[in-house]
Structure formats: structure tokens, C-alpha cells
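Content type mmCIF, C-alpha atoms, from the file data21.cif:
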```
data_work
#
loop_
_atom_site.group_PDB
_atom_site.id
_atom_site.type_symbol
_atom_site.label_atom_id
_atom_site.label_comp_id
_atom_site.auth_asym_id
_atom_site.auth_seq_id
_atom_site.Cartn_x
_atom_site.Cartn_y
_atom_site.Cartn_z
ATOM 1 C CA MET A 933 123.644 122.001 115.124
ATOM 2 C CA SER A 934 125.256 124.488 112.751
ATOM 3 C CA GLY A 935 127.045 123.142 109.745
ATOM 4 C CA TYR A 936 126.866 122.873 105.984
ATOM 5 C CA GLY A 937 127.261 126.661 105.812
ATOM 6 C CA ARG A 938 124.055 127.359 107.733
ATOM 7 C CA THR A 939 123.593 128.938 111.151
ATOM 8 C CA ASP A 940 121.877 127.358 114.143
ATOM 9 C CA SER A 941 118.921 129.692 113.660
ATOM 10 C CA GLU A 942 118.587 128.643 110.006
ATOM 11 C CA TRP A 943 118.605 124.973 111.001
ATOM 12 C CA ASP A 944 115.960 125.667 113.648
ATOM 13 C CA GLU A 945 113.759 127.394 111.060
ATOM 14 C CA LEU A 946 114.297 124.624 108.515
ATOM 15 C CA VAL A 947 113.502 121.879 111.033
ATOM 16 C CA HIS A 948 110.348 123.680 112.198
ATOM 17 C CA ALA A 949 109.127 124.376 108.654
ATOM 18 C CA GLY A 950 110.099 120.928 107.386
ATOM 19 C CA HIS A 951 108.377 119.172 110.262
ATOM 20 C CA GLY A 952 105.216 121.207 109.720
ATOM 21 C CA PHE A 953 105.192 120.509 105.992
ATOM 22 C CA LEU A 954 105.723 116.759 106.406
ATOM 23 C CA VAL A 955 102.962 116.540 109.020
ATOM 24 C CA GLU A 956 100.679 118.354 106.543
ATOM 25 C CA ARG A 957 101.576 115.778 103.888
ATOM 26 C CA ALA A 958 100.868 112.919 106.303
ATOM 27 C CA LYS A 959 97.466 114.416 107.159
ATOM 28 C CA LEU A 960 96.680 114.465 103.430
ATOM 29 C CA GLY A 961 97.920 110.893 103.030
ATOM 30 C CA LYS A 962 100.496 112.028 100.479
ATOM 31 C CA LEU A 963 104.200 111.687 99.833
ATOM 32 C CA THR A 964 106.446 114.525 98.722
ATOM 33 C CA SER A 965 109.673 114.803 96.778
ATOM 34 C CA TYR A 966 113.002 116.276 97.783
ATOM 35 C CA THR A 967 112.366 118.978 95.179
ATOM 36 C CA GLU A 968 108.945 119.931 96.570
ATOM 37 C CA LEU A 969 110.292 119.930 100.126
ATOM 38 C CA ASN A 970 113.226 122.114 99.071
ATOM 39 C CA VAL A 971 110.991 124.677 97.345
ATOM 40 C CA THR A 972 108.558 124.725 100.267
ATOM 41 C CA LEU A 973 111.342 125.227 102.813
ATOM 42 C CA ALA A 974 112.818 128.134 100.866
ATOM 43 C CA ARG A 975 109.397 129.748 100.517
ATOM 44 C CA ARG A 976 108.377 129.279 104.156
ATOM 45 C CA THR A 977 111.682 130.233 105.775
ATOM 46 C CA GLY A 978 113.360 132.618 103.354
ATOM 47 C CA CYS A 979 116.503 130.460 103.697
ATOM 48 C CA PRO A 980 118.384 129.667 100.494
ATOM 49 C CA PRO A 981 117.272 126.397 98.901
ATOM 50 C CA PHE A 982 119.561 123.382 98.903
ATOM 51 C CA ASP A 983 121.527 122.965 95.665
ATOM 52 C CA PHE A 984 121.078 119.309 94.750
ATOM 53 C CA GLU A 985 123.801 119.596 92.097
ATOM 54 C CA ARG A 986 126.310 119.635 94.986
ATOM 55 C CA ALA A 987 127.063 116.554 97.092
ATOM 56 C CA ASP A 988 127.458 118.614 100.280
ATOM 57 C CA GLU A 989 124.047 120.210 99.771
ATOM 58 C CA ARG A 990 122.430 116.797 99.213
ATOM 59 C CA ALA A 991 124.113 115.671 102.436
ATOM 60 C CA ALA A 992 122.759 118.786 104.178
ATOM 61 C CA MET A 993 119.213 117.859 103.141
ATOM 62 C CA GLY A 994 119.798 114.387 104.572
ATOM 63 C CA HIS A 995 121.057 115.973 107.784
ATOM 64 C CA LEU A 996 117.927 118.111 107.918
ATOM 65 C CA LEU A 997 115.676 115.084 107.498
ATOM 66 C CA GLY A 998 117.479 113.367 110.368
ATOM 67 C CA LEU A 999 116.888 116.442 112.540
ATOM 68 C CA ILE A 1000 113.204 116.417 111.560
ATOM 69 C CA VAL A 1001 112.922 112.757 112.599
ATOM 70 C CA GLU A 1002 114.487 113.658 115.975
ATOM 71 C CA ARG A 1003 112.135 116.618 116.455
ATOM 72 C CA ASP A 1004 109.096 114.538 115.521
ATOM 73 C CA HIS A 1005 110.054 111.878 118.055
ATOM 74 C CA GLU A 1006 110.380 114.585 120.750
ATOM 75 C CA ILE A 1007 106.917 115.940 119.886
ATOM 76 C CA THR A 1008 105.154 112.616 119.347
ATOM 77 C CA PRO A 1009 107.155 109.716 120.782
ATOM 78 C CA SER A 1010 106.299 106.318 119.356
ATOM 79 C CA GLU A 1011 107.468 102.751 119.781
ATOM 80 C CA PRO A 1012 108.726 101.746 117.377
ATOM 81 C CA LEU A 1013 110.013 105.097 116.198
ATOM 82 C CA LEU A 1014 108.227 106.508 113.167
ATOM 83 C CA MET A 1015 110.423 108.334 110.670
ATOM 84 C CA LEU A 1016 108.612 111.333 109.216
ATOM 85 C CA SER A 1017 111.307 111.433 106.532
ATOM 86 C CA ALA A 1018 109.680 108.311 105.010
ATOM 87 C CA LEU A 1019 107.311 110.702 103.240
ATOM 88 C CA VAL A 1020 110.140 112.171 101.134
ATOM 89 C CA ASN A 1021 111.241 110.387 97.982
ATOM 90 C CA TYR A 1022 112.995 111.103 94.726
ATOM 91 C CA LEU A 1023 110.873 112.601 91.974
ATOM 92 C CA GLY A 1024 109.344 109.663 90.114
ATOM 93 C CA ALA A 1025 110.596 107.063 92.617
ATOM 94 C CA ASN A 1026 108.482 104.574 94.527
ATOM 95 C CA ASP A 1027 110.319 104.588 97.831
ATOM 96 C CA ALA A 1028 112.653 106.587 100.038
ATOM 97 C CA GLY A 1029 116.279 107.442 99.331
ATOM 98 C CA SER A 1030 119.324 105.596 100.616
ATOM 99 C CA GLY A 1031 119.770 108.090 103.480
ATOM 100 C CA PHE A 1032 116.387 107.049 104.899
ATOM 101 C CA TYR A 1033 117.477 103.427 105.096
ATOM 102 C CA GLN A 1034 120.869 104.356 106.517
ATOM 103 C CA LEU A 1035 119.217 106.375 109.298
ATOM 104 C CA ALA A 1036 116.814 103.487 109.963
ATOM 105 C CA LYS A 1037 119.831 101.206 110.415
ATOM 106 C CA GLU A 1038 121.554 103.728 112.704
ATOM 107 C CA LEU A 1039 118.382 103.920 114.795
ATOM 108 C CA GLN A 1040 118.318 100.102 114.862
ATOM 109 C CA LEU A 1041 114.927 99.985 113.192
ATOM 110 C CA LEU A 1042 116.275 98.001 110.249
ATOM 111 C CA PRO A 1043 118.956 95.299 110.279
ATOM 112 C CA THR A 1044 122.220 96.305 108.625
ATOM 113 C CA SER A 1045 121.910 93.297 106.312
ATOM 114 C CA ALA A 1046 118.300 94.060 105.283
ATOM 115 C CA SER A 1047 117.423 92.928 101.771
ATOM 116 C CA ALA A 1048 115.895 95.263 99.204
ATOM 117 C CA ASP A 1049 112.492 93.676 99.870
ATOM 118 C CA ALA A 1050 112.873 94.114 103.639
ATOM 119 C CA LYS A 1051 113.811 97.772 103.154
ATOM 120 C CA PHE A 1052 110.824 98.380 100.912
ATOM 121 C CA ASP A 1053 108.463 96.623 103.345
ATOM 122 C CA PHE A 1054 109.869 98.714 106.207
ATOM 123 C CA TRP A 1055 109.315 101.920 104.235
ATOM 124 C CA VAL A 1056 105.728 100.974 103.312
ATOM 125 C CA LYS A 1057 104.955 100.210 106.959
ATOM 126 C CA GLN A 1058 106.459 103.536 108.079
ATOM 127 C CA VAL A 1059 104.373 105.491 105.549
ATOM 128 C CA LYS A 1060 101.187 103.649 106.488
ATOM 129 C CA GLN A 1061 101.761 104.268 110.215
ATOM 130 C CA LEU A 1062 102.487 107.952 109.594
ATOM 131 C CA TYR A 1063 99.232 108.307 107.656
ATOM 132 C CA GLU A 1064 97.379 106.533 110.481
ATOM 133 C CA ARG A 1065 98.984 108.741 113.153
ATOM 134 C CA HIS A 1066 98.406 112.041 111.387
ATOM 135 C CA GLY A 1067 95.420 111.238 109.177
ATOM 136 C CA PRO A 1068 92.011 112.791 109.634
ATOM 137 C CA ASP A 1069 89.848 111.443 112.425
ATOM 138 C CA LEU A 1070 86.991 109.622 110.803
ATOM 139 C CA PRO A 1071 83.545 109.920 112.396
ATOM 140 C CA ALA A 1072 82.355 106.838 114.279
#
```

Go ahead and express the file in the form of C-alpha cells.
Amino acid sequence: MSGYGRTDSEWDELVHAGHGFLVERAKLGKLTSYTELNVTLARRTGCPPFDFERADERAAMGHLLGLIVERDHEITPSEPLLMLSALVNYLGANDAGSGFYQLAKELQLLPTSASADAKFDFWVKQVKQLYERHGPDLPA
């Protein structure tokens, strides 16, 4: 798992902290940004933050989000697979980044030829299902 200049133990910490933070966001019914996730990870793990000015560091954050999706599926399997990384978007954006859609295609959750509308609809559905899965239990 090591790579991008980080050790296996750092990746383990980052995946654990990132998963926990994204589940917290889902329970609140809220999205987060790459920036907020980055700051939270650095604070919770003591690991250096990702430097988004560098392409390799942006790729490392994408790698981390893929690992978080894998971990989430191990903890809470679902059919179809829910991608916890759907909760992370660019500051001021209204949907996920291109890496989210690429991973969805790799996982065969989204056709490779999906239109922009199909991608957006897929993302909205993922977010809604994550909120439903993790949201507060409402009294009957």
C-alpha cells in the first residue's frame, strides 16, 4: 500500500481517519471538500497534509479516497457498491471530482461512455444512499 512518499502505517492511519470523518459527514447529511478533508486528516493523524499544488499529491489524495471506498465496502458491504468518496467535492463545486467518476467506471458502477447528466445522476444517487445508510435513525 505504500507509495506517494508515505509509509504503510501512514496510509493505514489516513484510511482509518478518512473513513471515520466521511462516515461522520454522512451521518450529518453533509458533503465535505478536499480541503476540509485534508485539514482534518492532518489534524487527526499528525501526518503531513497533501499539497494540492503538486499533481502527485493530488493523485495521492485520489489514491486515498479509493482506499477508503475499499475499506468502507469491507466494513459495510452493499450491492450496488456505495462510494463514500462521493461526499468529497471541490470547494464551491456541485458534484464530485473526475477521479470519483473514473473509480466508478473501474468498479463497473458507471458505463465508460456515461454522459455528464448520467454521471451527475449517479453521484446524486450515491450521496442520497450514503445519507440513508449512515443517517440518524428516526423514531417510528

Could you write out as a count of residues only the residues that the PyMOL selection byres ((chain A and resi 951) around 9) matches in the shown file? 16

Would you kindly return, as number ranges by chain, each protein, DNA or RNA residue with an atom no farther than 10 Å from any atom of Leu1062 (chain A), considering all atoms listed in the file and excluding same-chain residues fewer than 3 positions away? A: 954-955, 957-959, 961, 1014-1019, 1056-1059, 1065-1067

Same residues, C-alpha atoms, output as a CSV table (one decimal), in the coordinates of the input:
```csv
chain,number,residue,atom,x,y,z
A,954,LEU,CA,105.7,116.8,106.4
A,955,VAL,CA,103.0,116.5,109.0
A,957,ARG,CA,101.6,115.8,103.9
A,958,ALA,CA,100.9,112.9,106.3
A,959,LYS,CA,97.5,114.4,107.2
A,961,GLY,CA,97.9,110.9,103.0
A,1014,LEU,CA,108.2,106.5,113.2
A,1015,MET,CA,110.4,108.3,110.7
A,1016,LEU,CA,108.6,111.3,109.2
A,1017,SER,CA,111.3,111.4,106.5
A,1018,ALA,CA,109.7,108.3,105.0
A,1019,LEU,CA,107.3,110.7,103.2
A,1056,VAL,CA,105.7,101.0,103.3
A,1057,LYS,CA,105.0,100.2,107.0
A,1058,GLN,CA,106.5,103.5,108.1
A,1059,VAL,CA,104.4,105.5,105.5
A,1065,ARG,CA,99.0,108.7,113.2
A,1066,HIS,CA,98.4,112.0,111.4
A,1067,GLY,CA,95.4,111.2,109.2
```

Counting only C-alpha atoms, what is within 9 Å of Ala991 (chain A), bar same-chain residues fewer than 5 positions away, as a count of residues only? 4

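Candidate residues A:Lys1037, A:Asp1049, A:Glu942, A:Gly937 were compared for distance to Thr977 (chain A), and the nearest is A:Glu942, using all atoms listed in the file.
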
Using all atoms of region 1005-1014 of chain A that appear in the file, construct an axis-aligned enclosing box with 6 Å of padding on every side and provide its centre coordinates and edge lengths in Å, rounded to one decimal, as JSON.
```
{"center_x": 107.8, "center_y": 108.8, "center_z": 117.0, "size_x": 17.2, "size_y": 26.2, "size_z": 19.6}
```

Distance in Å - CA of Ala974 (chain A) versus CA of Trp1055 (chain A): 26.7 Å

From A:Asp1053, A:Thr1044, A:Tyr1022, A:Ser1010, residue lying nearest Ser965 (chain A) [all atoms listed in the file]: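 Counting all atoms listed in the file, the residue closest to Ser965 (chain A) is A:Tyr1022.
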
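Across the model, the gap from CA of Trp943 (chain A) to CA of Tyr1063 (chain A) is 25.8 Å.
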
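Interatomic distance, CA of Gly1024 (chain A) to CA of Pro981 (chain A): 20.5 Å.
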
Restricting the calculation to all atoms listed in the file, which member of A:Arg976, A:Leu1041, A:Phe982, A:Ile1007 is positioned closest to Gly994 (chain A)?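 Closest to Gly994 (chain A) of all the choices is A:Phe982.
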
Kindly extract all protein, DNA and RNA residues lying within 12 Å of the coordinates (110.5, 108.8, 91.4) given in the file, considering all atoms listed in the file, and supply them as a ChimeraX atom specification. /A:963-967,1020-1029

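Proximity of A:Asp988, A:Ser1047, A:Met993, A:Glu1002 to Leu973 (chain A), computed with only C-alpha atoms, is greatest for A:Met993.
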
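Residue nearest Phe984 (chain A) within the list A:Val971, A:Glu1011, A:Gly998, A:Ser1030: A:Val971 [criterion: smallest interatomic distance, all atoms listed in the file].
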
With N, CA and C atoms as the target, complete region 1030-1053 of chain A and hand it back as a compact mmCIF listing (two decimals), in the frame of the given file.
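Listing of part-v1.txt after writing:
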```txt
# COMPACT_ATOMS: atom_id res chain seq x y z
N SER A 1030 118.39 106.43 99.86
CA SER A 1030 119.32 105.60 100.62
C SER A 1030 119.59 106.16 102.02
N GLY A 1031 119.55 107.48 102.17
CA GLY A 1031 119.77 108.09 103.48
C GLY A 1031 118.71 107.69 104.49
N PHE A 1032 117.48 107.49 104.03
CA PHE A 1032 116.39 107.05 104.90
C PHE A 1032 116.72 105.69 105.49
N TYR A 1033 117.16 104.78 104.63
CA TYR A 1033 117.48 103.43 105.10
C TYR A 1033 118.71 103.42 105.99
N GLN A 1034 119.68 104.27 105.68
CA GLN A 1034 120.87 104.36 106.52
C GLN A 1034 120.50 104.85 107.92
N LEU A 1035 119.66 105.87 107.99
CA LEU A 1035 119.22 106.38 109.30
C LEU A 1035 118.43 105.30 110.04
N ALA A 1036 117.59 104.56 109.33
CA ALA A 1036 116.81 103.49 109.96
C ALA A 1036 117.75 102.44 110.57
N LYS A 1037 118.85 102.15 109.88
CA LYS A 1037 119.83 101.21 110.42
C LYS A 1037 120.53 101.79 111.64
N GLU A 1038 120.90 103.07 111.57
CA GLU A 1038 121.55 103.73 112.70
C GLU A 1038 120.65 103.75 113.93
N LEU A 1039 119.35 103.89 113.70
CA LEU A 1039 118.38 103.92 114.80
C LEU A 1039 117.97 102.50 115.22
N GLN A 1040 118.57 101.52 114.60
CA GLN A 1040 118.32 100.10 114.86
C GLN A 1040 116.86 99.71 114.61
N LEU A 1041 116.28 100.33 113.61
CA LEU A 1041 114.93 99.98 113.19
C LEU A 1041 114.95 98.98 112.04
N LEU A 1042 116.11 98.85 111.42
CA LEU A 1042 116.28 98.00 110.25
C LEU A 1042 117.62 97.30 110.39
N PRO A 1043 117.66 95.99 110.18
CA PRO A 1043 118.96 95.30 110.28
C PRO A 1043 119.94 95.81 109.23
N THR A 1044 121.21 95.82 109.57
CA THR A 1044 122.22 96.30 108.62
C THR A 1044 122.27 95.45 107.36
N SER A 1045 121.87 94.20 107.47
CA SER A 1045 121.91 93.30 106.31
C SER A 1045 120.56 93.18 105.62
N ALA A 1046 119.65 94.14 105.85
CA ALA A 1046 118.30 94.06 105.28
C ALA A 1046 118.35 93.97 103.76
N SER A 1047 117.53 93.08 103.23
CA SER A 1047 117.42 92.93 101.77
C SER A 1047 116.64 94.10 101.18
N ALA A 1048 116.65 94.20 99.88
CA ALA A 1048 115.90 95.26 99.20
C ALA A 1048 114.41 95.12 99.52
N ASP A 1049 113.90 93.90 99.55
CA ASP A 1049 112.49 93.68 99.87
C ASP A 1049 112.18 94.07 101.31
N ALA A 1050 113.08 93.75 102.23
CA ALA A 1050 112.87 94.11 103.64
C ALA A 1050 112.88 95.63 103.81
N LYS A 1051 113.77 96.30 103.10
CA LYS A 1051 113.81 97.77 103.15
C LYS A 1051 112.50 98.36 102.64
N PHE A 1052 112.05 97.86 101.50
CA PHE A 1052 110.82 98.38 100.91
C PHE A 1052 109.64 98.14 101.85
N ASP A 1053 109.55 96.93 102.41
CA ASP A 1053 108.46 96.62 103.34
C ASP A 1053 108.51 97.54 104.57
```
